[in-house]
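Everything below belongs to input06.txt, which stores compact mmCIF, C-alpha atoms.
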# COMPACT_ATOMS: atom_id res chain seq x y z
CA MET A 1132 -11.05 57.53 -24.32
CA LEU A 1133 -11.75 56.01 -20.89
CA ALA A 1134 -14.84 58.18 -20.42
CA LEU A 1135 -16.37 57.12 -23.73
CA ASN A 1136 -15.38 53.46 -23.45
CA LEU A 1137 -16.55 53.16 -19.84
CA LYS A 1138 -19.98 54.52 -20.76
CA ARG A 1139 -20.22 52.09 -23.69
CA ALA A 1140 -19.18 49.09 -21.60
CA ARG A 1141 -21.58 50.02 -18.80
CA ALA A 1142 -24.43 50.46 -21.29
CA GLN A 1143 -23.65 47.13 -22.93
CA ARG A 1144 -23.91 45.40 -19.54
CA GLY A 1145 -27.08 47.33 -18.67
CA LEU A 1146 -25.59 48.64 -15.42
CA SER A 1147 -26.46 51.87 -13.65
CA ILE A 1148 -23.58 53.81 -12.17
CA SER A 1149 -24.84 52.76 -8.72
CA GLU A 1150 -24.72 49.07 -9.62
CA LEU A 1151 -21.27 49.39 -11.20
CA SER A 1152 -20.13 51.16 -8.03
CA ARG A 1153 -21.50 48.35 -5.85
CA ARG A 1154 -19.90 45.58 -7.92
CA SER A 1155 -16.52 47.27 -8.43
CA LYS A 1156 -16.26 48.83 -4.94
CA ILE A 1157 -15.46 52.16 -6.64
CA GLY A 1158 -17.32 55.23 -5.38
CA LYS A 1159 -20.07 56.69 -7.55
CA ALA A 1160 -18.37 60.08 -7.48
CA THR A 1161 -15.17 58.53 -8.82
CA LEU A 1162 -17.08 56.69 -11.57
CA SER A 1163 -18.89 59.91 -12.51
CA GLN A 1164 -15.54 61.71 -12.77
CA LEU A 1165 -14.13 58.94 -14.96
CA GLU A 1166 -17.18 59.02 -17.24
CA SER A 1167 -16.97 62.80 -17.54
CA GLY A 1168 -13.27 62.60 -18.41
CA THR A 1169 -12.07 64.43 -15.30
CA GLY A 1170 -10.84 61.44 -13.26
CA ASN A 1171 -7.34 59.98 -13.15
CA PRO A 1172 -7.66 56.21 -12.62
CA THR A 1173 -5.18 53.95 -10.85
CA ILE A 1174 -4.25 50.45 -11.99
CA GLU A 1175 -6.55 49.07 -9.30
CA THR A 1176 -9.50 51.09 -10.63
CA VAL A 1177 -8.97 50.05 -14.25
CA PHE A 1178 -8.46 46.37 -13.37
CA SER A 1179 -11.56 46.41 -11.16
CA LEU A 1180 -13.64 47.90 -13.98
CA SER A 1181 -12.20 45.35 -16.44
CA ARG A 1182 -13.12 42.53 -14.03
CA VAL A 1183 -16.68 43.71 -13.36
CA LEU A 1184 -17.47 44.71 -16.96
CA GLU A 1185 -15.68 41.59 -18.29
CA VAL A 1186 -13.82 43.46 -21.03
CA PRO A 1187 -10.14 43.80 -21.94
CA ILE A 1188 -8.33 46.72 -20.34
CA SER A 1189 -7.56 48.18 -23.76
CA ASP A 1190 -11.31 48.30 -24.50
CA LEU A 1191 -11.50 50.82 -21.67
CA LEU A 1192 -8.33 52.82 -22.36
CA ASP A 1193 -7.63 52.84 -26.09
CA ALA A 1194 -8.91 54.13 -29.36
CA ARG A 1195 -8.39 51.70 -32.23
CA PRO A 1196 -4.73 51.92 -33.35
CA PRO A 1197 -3.90 53.10 -36.88
CA ALA A 1198 -2.68 50.59 -39.45
CA GLY A 1199 0.93 50.48 -40.65
CA LEU A 1200 4.17 51.05 -38.77
CA ARG A 1201 3.63 51.90 -35.13
CA VAL A 1202 6.43 53.02 -32.85
CA VAL A 1203 5.73 53.56 -29.16
CA ARG A 1204 8.30 55.63 -27.27
CA ALA A 1205 8.46 54.88 -23.55
CA GLN A 1206 8.61 58.55 -22.58
CA GLU A 1207 5.50 59.32 -24.65
CA VAL A 1208 3.21 56.71 -23.05
CA GLU A 1209 1.04 57.72 -20.14
CA VAL A 1210 1.91 55.54 -17.16
CA LEU A 1211 -0.88 53.76 -15.33
CA SER A 1212 0.29 53.54 -11.71
CA GLY A 1213 -1.00 51.69 -8.69
CA GLU A 1214 0.15 49.92 -5.55
CA GLY A 1215 3.75 48.98 -6.31
CA VAL A 1216 3.34 48.78 -10.10
CA ASP A 1217 3.67 51.05 -13.12
CA LEU A 1218 2.22 49.90 -16.46
CA ARG A 1219 2.85 51.45 -19.86
CA PRO A 1220 0.39 50.23 -22.49
CA LEU A 1221 2.33 49.57 -25.69
CA GLN A 1222 0.08 47.75 -28.14
CA ARG A 1223 -3.24 46.00 -28.65
CA ILE A 1224 -3.14 43.09 -31.09
CA GLU A 1225 -6.27 41.54 -32.58
CA SER A 1226 -5.77 38.14 -34.19
CA GLY A 1227 -8.53 35.74 -35.17
CA GLU A 1228 -10.55 34.94 -32.08
CA GLY A 1229 -8.14 36.61 -29.67
CA VAL A 1230 -7.13 40.02 -28.39
CA PHE A 1231 -3.71 40.64 -26.85
CA GLU A 1232 -2.47 43.66 -24.90
CA VAL A 1233 1.26 44.30 -24.48
CA TYR A 1234 2.51 46.30 -21.49
CA ASP A 1235 5.87 47.41 -20.15
CA GLN A 1236 5.47 46.51 -16.46
CA GLN A 1237 7.63 47.69 -13.57
CA VAL A 1238 7.17 46.43 -10.03
CA ARG A 1239 8.84 48.93 -7.73
CA ALA A 1240 11.66 47.69 -5.45
CA GLY A 1241 10.36 46.01 -2.30
CA GLU A 1242 6.72 46.52 -3.36
CA ARG A 1243 3.87 44.05 -3.82
CA ARG A 1244 0.88 44.32 -6.16
CA ASP A 1245 -2.22 42.27 -5.30
CA SER A 1246 -5.09 41.61 -7.70
CA LEU A 1247 -8.47 40.05 -6.94
CA GLY A 1248 -8.46 38.84 -10.55
CA HIS A 1249 -9.80 40.08 -13.87
CA VAL A 1250 -10.77 38.66 -17.26
CA GLY A 1251 -8.21 37.06 -19.54
CA VAL A 1252 -5.01 35.08 -19.32
CA GLU A 1253 -1.91 36.80 -17.96
CA HIS A 1254 1.59 36.16 -19.36
CA THR A 1255 4.71 37.75 -17.85
CA ILE A 1256 8.32 37.60 -19.04
CA VAL A 1257 10.87 39.07 -16.62
CA GLN A 1258 13.52 41.30 -18.19
CA ALA A 1259 15.41 42.49 -15.08
CA GLY A 1260 15.28 41.83 -11.34
CA ARG A 1261 13.69 38.97 -9.39
CA LEU A 1262 9.91 38.67 -9.33
CA GLY A 1263 7.80 36.72 -6.87
CA VAL A 1264 4.49 35.58 -8.33
CA SER A 1265 1.68 34.10 -6.26
CA VAL A 1266 -1.41 32.62 -7.92
CA GLU A 1267 -4.06 31.21 -5.61
CA GLY A 1268 -1.49 29.96 -3.09
CA HIS A 1269 1.12 28.76 -5.62
CA ASP A 1270 4.36 30.76 -5.30
CA VAL A 1271 7.14 30.99 -7.88
CA GLU A 1272 10.26 33.13 -8.19
CA LEU A 1273 11.29 34.38 -11.62
CA GLY A 1274 14.53 35.89 -12.90
CA PRO A 1275 15.51 37.52 -16.19
CA GLY A 1276 14.20 35.51 -19.15
CA ASP A 1277 11.72 33.50 -17.04
CA TYR A 1278 8.05 33.27 -18.00
CA VAL A 1279 4.81 32.63 -16.10
CA GLY A 1280 1.25 32.34 -17.42
CA PHE A 1281 -2.06 31.85 -15.60
CA ASP A 1282 -5.80 32.45 -15.64
CA ALA A 1283 -6.04 36.11 -14.64
CA ALA A 1284 -9.43 35.52 -12.98
CA LEU A 1285 -7.58 33.86 -10.09
CA PRO A 1286 -6.38 36.08 -7.23
CA HIS A 1287 -2.70 36.83 -7.85
CA SER A 1288 0.17 39.05 -6.79
CA TYR A 1289 3.57 40.27 -7.97
CA THR A 1290 6.39 41.13 -5.56
CA ALA A 1291 9.71 42.75 -6.44
CA LEU A 1292 12.16 40.50 -4.56
CA GLU A 1293 15.35 42.13 -5.81
CA GLY A 1294 15.40 45.73 -6.97
CA THR A 1295 12.84 47.13 -9.38
CA VAL A 1296 11.53 44.38 -11.63
CA ARG A 1297 11.09 45.14 -15.32
CA SER A 1298 8.90 42.76 -17.29
CA VAL A 1299 6.70 42.40 -20.34
CA LEU A 1300 3.07 41.77 -19.44
CA LEU A 1301 0.85 40.24 -22.11
CA LEU A 1302 -2.89 40.01 -21.42
CA GLN A 1303 -4.81 37.60 -23.63
CA TYR A 1304 -8.59 37.73 -24.13
CA ARG A 1305 -11.14 35.73 -26.10
CA ALA A 1306 -13.00 37.59 -28.84
CA ASP A 1307 -16.29 37.26 -26.93
CA GLN A 1308 -14.81 39.33 -24.07
CA ARG A 1309 -14.37 42.37 -26.32
CA LEU A 1310 -16.55 45.45 -26.21
CA PRO A 1311 -18.36 45.68 -29.58
CA PRO A 1312 -17.28 48.87 -31.43
CA ASN A 1313 -20.92 49.76 -32.22
CA ALA A 1314 -22.28 49.31 -28.70
CA PRO A 1315 -24.63 52.16 -27.76
CA HIS A 1316 -23.03 55.19 -26.14
CA ALA A 1317 -26.06 56.04 -24.02
CA VAL A 1318 -26.53 54.46 -20.63
CA ALA A 1319 -29.09 51.66 -20.78
CA GLY A 1320 -32.44 52.70 -19.34
CA GLY A 1321 -31.52 56.38 -19.63
CA CYS A 1322 -29.93 56.46 -16.17
CA ALA A 1323 -27.96 59.63 -15.62
CA PRO A 1324 -24.65 59.38 -13.76
CA HIS A 1325 -24.85 60.06 -10.02
CA THR A 1326 -22.29 62.19 -8.31
CA GLU A 1327 -22.65 61.25 -4.66
CA ASP A 1328 -20.54 58.52 -3.00
Conversion result in structure tokens:
Amino acid sequence: MLALNLKRARAQRGLSISELSRRSKIGKATLSQLESGTGNPTIETVFSLSRVLEVPISDLLDARPPAGLRVVRAQEVEVLSGEGVDLRPLQRIESGEGVFEVYDQQVRAGERRDSLGHVGVEHTIVQAGRLGVSVEGHDVELGPGDYVGFDAALPHSYTALEGTVRSVLLLQYRADQRLPPNAPHAVAGGCAPHTED
């Protein structure tokens, strides 16, 4: 799904693969692999693409979920890993003018995850461990049951202060940040993907 959704989002923004590479700081070869379905993205790559394309992460990763009862088994979800963090996407919720993404988030013991920022509002509820959160110079420490929320466009970081930290991450987006389902699949201007870095 990433290959198809990335092409659609890039076309909607009218970006060539070269321009997306420049803005996201991701190599053109890597972007070409992702668009061809042969790449394996990290958290940093997906968040960078979400930030530059200004779309929810689930618009890049997911097909539309089926209606009715939905059970997500932890062992069946592909883990999105990056520097110090593992994310398991659990659900995308569309409600009125908003879109919400629910993730099982684990910050590995002694590790820190830095983000330059991305679209949306970030909500985190700690389930186990002690989590240090820094948002644009404001530092807080959270324990089990504690919550933090902030504008995800601000530079922020998570640090596992005590053991591996398990938390629920909820990303909230406005409806106007969504990728329209009928956006063209072809790259705007007919630009073919480049393969060189």
I need the residue nearest Gln1206 (chain A) from this list: A:Pro1220, A:Pro1172, A:Gly1158, A:Gly1229. Use all atoms listed in the file for the distance.
A:Pro1220
Could you pull out every residue with an atom within 9 Å of (-9.0, 40.8, -13.2), file coordinates, counting only C-alpha atoms, and send them as a list in words?
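The answer, in the requested form, is Phe1178, Ser1179, Leu1180, Ser1181, Arg1182, Val1183, Glu1185, Ser1246, Leu1247, Gly1248, His1249, Val1250, Gly1251, Ala1283, Ala1284, Leu1285 and Pro1286 of chain A.
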Go through A:Thr1255, A:Gln1222, A:Thr1169, A:Ser1147 and flag the residue nearest Asp1282 (chain A), using all atoms listed in the file for the distances.
A:Thr1255
Rank nothing, just name the residue among A:Leu1191, A:Val1238, A:Asp1245, A:Asp1270 nearest to Leu1292 (chain A), using all atoms listed in the file.
A:Val1238
Looking at A:Val1186, A:Ala1134, A:Val1279, A:Leu1146, which one is nearest to Glu1166 (chain A), with distances taken over all atoms listed in the file?
A:Ala1134
Regenerate region 1218-1233 of chain A at the level of N, CA, C and O atoms and dump it as a PDB file, keeping the file's coordinate frame.
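Saved result, result10.pdb, follows:
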ATOM      1  N   LEU A1218       2.459  50.548 -15.171  1.00  0.00           N
ATOM      2  CA  LEU A1218       2.220  49.900 -16.460  1.00  0.00           C
ATOM      3  C   LEU A1218       2.226  50.949 -17.566  1.00  0.00           C
ATOM      4  O   LEU A1218       1.631  52.014 -17.422  1.00  0.00           O
ATOM      5  N   ARG A1219       2.889  50.613 -18.663  1.00  0.00           N
ATOM      6  CA  ARG A1219       2.850  51.450 -19.860  1.00  0.00           C
ATOM      7  C   ARG A1219       2.223  50.623 -20.975  1.00  0.00           C
ATOM      8  O   ARG A1219       2.838  49.664 -21.445  1.00  0.00           O
ATOM      9  N   PRO A1220       1.001  50.974 -21.392  1.00  0.00           N
ATOM     10  CA  PRO A1220       0.390  50.230 -22.490  1.00  0.00           C
ATOM     11  C   PRO A1220       1.126  50.499 -23.799  1.00  0.00           C
ATOM     12  O   PRO A1220       1.341  51.648 -24.157  1.00  0.00           O
ATOM     13  N   LEU A1221       1.548  49.420 -24.467  1.00  0.00           N
ATOM     14  CA  LEU A1221       2.330  49.570 -25.690  1.00  0.00           C
ATOM     15  C   LEU A1221       1.554  49.235 -26.955  1.00  0.00           C
ATOM     16  O   LEU A1221       1.681  49.931 -27.955  1.00  0.00           O
ATOM     17  N   GLN A1222       0.742  48.172 -26.919  1.00  0.00           N
ATOM     18  CA  GLN A1222       0.080  47.750 -28.140  1.00  0.00           C
ATOM     19  C   GLN A1222      -1.092  46.825 -27.833  1.00  0.00           C
ATOM     20  O   GLN A1222      -1.048  46.056 -26.876  1.00  0.00           O
ATOM     21  N   ARG A1223      -2.108  46.930 -28.659  1.00  0.00           N
ATOM     22  CA  ARG A1223      -3.240  46.000 -28.650  1.00  0.00           C
ATOM     23  C   ARG A1223      -3.174  45.252 -29.970  1.00  0.00           C
ATOM     24  O   ARG A1223      -3.051  45.865 -31.028  1.00  0.00           O
ATOM     25  N   ILE A1224      -3.249  43.928 -29.899  1.00  0.00           N
ATOM     26  CA  ILE A1224      -3.140  43.090 -31.090  1.00  0.00           C
ATOM     27  C   ILE A1224      -4.411  42.251 -31.200  1.00  0.00           C
ATOM     28  O   ILE A1224      -4.774  41.541 -30.253  1.00  0.00           O
ATOM     29  N   GLU A1225      -5.086  42.356 -32.334  1.00  0.00           N
ATOM     30  CA  GLU A1225      -6.270  41.540 -32.580  1.00  0.00           C
ATOM     31  C   GLU A1225      -5.895  40.500 -33.621  1.00  0.00           C
ATOM     32  O   GLU A1225      -5.399  40.844 -34.695  1.00  0.00           O
ATOM     33  N   SER A1226      -6.140  39.222 -33.295  1.00  0.00           N
ATOM     34  CA  SER A1226      -5.770  38.140 -34.190  1.00  0.00           C
ATOM     35  C   SER A1226      -6.801  37.022 -34.084  1.00  0.00           C
ATOM     36  O   SER A1226      -6.927  36.397 -33.032  1.00  0.00           O
ATOM     37  N   GLY A1227      -7.533  36.805 -35.167  1.00  0.00           N
ATOM     38  CA  GLY A1227      -8.530  35.740 -35.170  1.00  0.00           C
ATOM     39  C   GLY A1227      -9.534  35.909 -34.049  1.00  0.00           C
ATOM     40  O   GLY A1227     -10.198  36.929 -33.943  1.00  0.00           O
ATOM     41  N   GLU A1228      -9.595  34.926 -33.185  1.00  0.00           N
ATOM     42  CA  GLU A1228     -10.550  34.940 -32.080  1.00  0.00           C
ATOM     43  C   GLU A1228      -9.974  35.574 -30.806  1.00  0.00           C
ATOM     44  O   GLU A1228     -10.621  35.544 -29.768  1.00  0.00           O
ATOM     45  N   GLY A1229      -8.769  36.097 -30.873  1.00  0.00           N
ATOM     46  CA  GLY A1229      -8.140  36.610 -29.670  1.00  0.00           C
ATOM     47  C   GLY A1229      -7.765  38.075 -29.737  1.00  0.00           C
ATOM     48  O   GLY A1229      -7.630  38.662 -30.804  1.00  0.00           O
ATOM     49  N   VAL A1230      -7.616  38.659 -28.554  1.00  0.00           N
ATOM     50  CA  VAL A1230      -7.130  40.020 -28.390  1.00  0.00           C
ATOM     51  C   VAL A1230      -5.977  39.951 -27.397  1.00  0.00           C
ATOM     52  O   VAL A1230      -6.069  39.268 -26.368  1.00  0.00           O
ATOM     53  N   PHE A1231      -4.881  40.634 -27.710  1.00  0.00           N
ATOM     54  CA  PHE A1231      -3.710  40.640 -26.850  1.00  0.00           C
ATOM     55  C   PHE A1231      -3.333  42.082 -26.550  1.00  0.00           C
ATOM     56  O   PHE A1231      -3.371  42.930 -27.428  1.00  0.00           O
ATOM     57  N   GLU A1232      -2.952  42.338 -25.309  1.00  0.00           N
ATOM     58  CA  GLU A1232      -2.470  43.660 -24.900  1.00  0.00           C
ATOM     59  C   GLU A1232      -1.040  43.501 -24.399  1.00  0.00           C
ATOM     60  O   GLU A1232      -0.760  42.612 -23.590  1.00  0.00           O
ATOM     61  N   VAL A1233      -0.148  44.355 -24.868  1.00  0.00           N
ATOM     62  CA  VAL A1233       1.260  44.300 -24.480  1.00  0.00           C
ATOM     63  C   VAL A1233       1.568  45.515 -23.605  1.00  0.00           C
ATOM     64  O   VAL A1233       1.274  46.652 -23.988  1.00  0.00           O
TER      65      VAL A1233
END
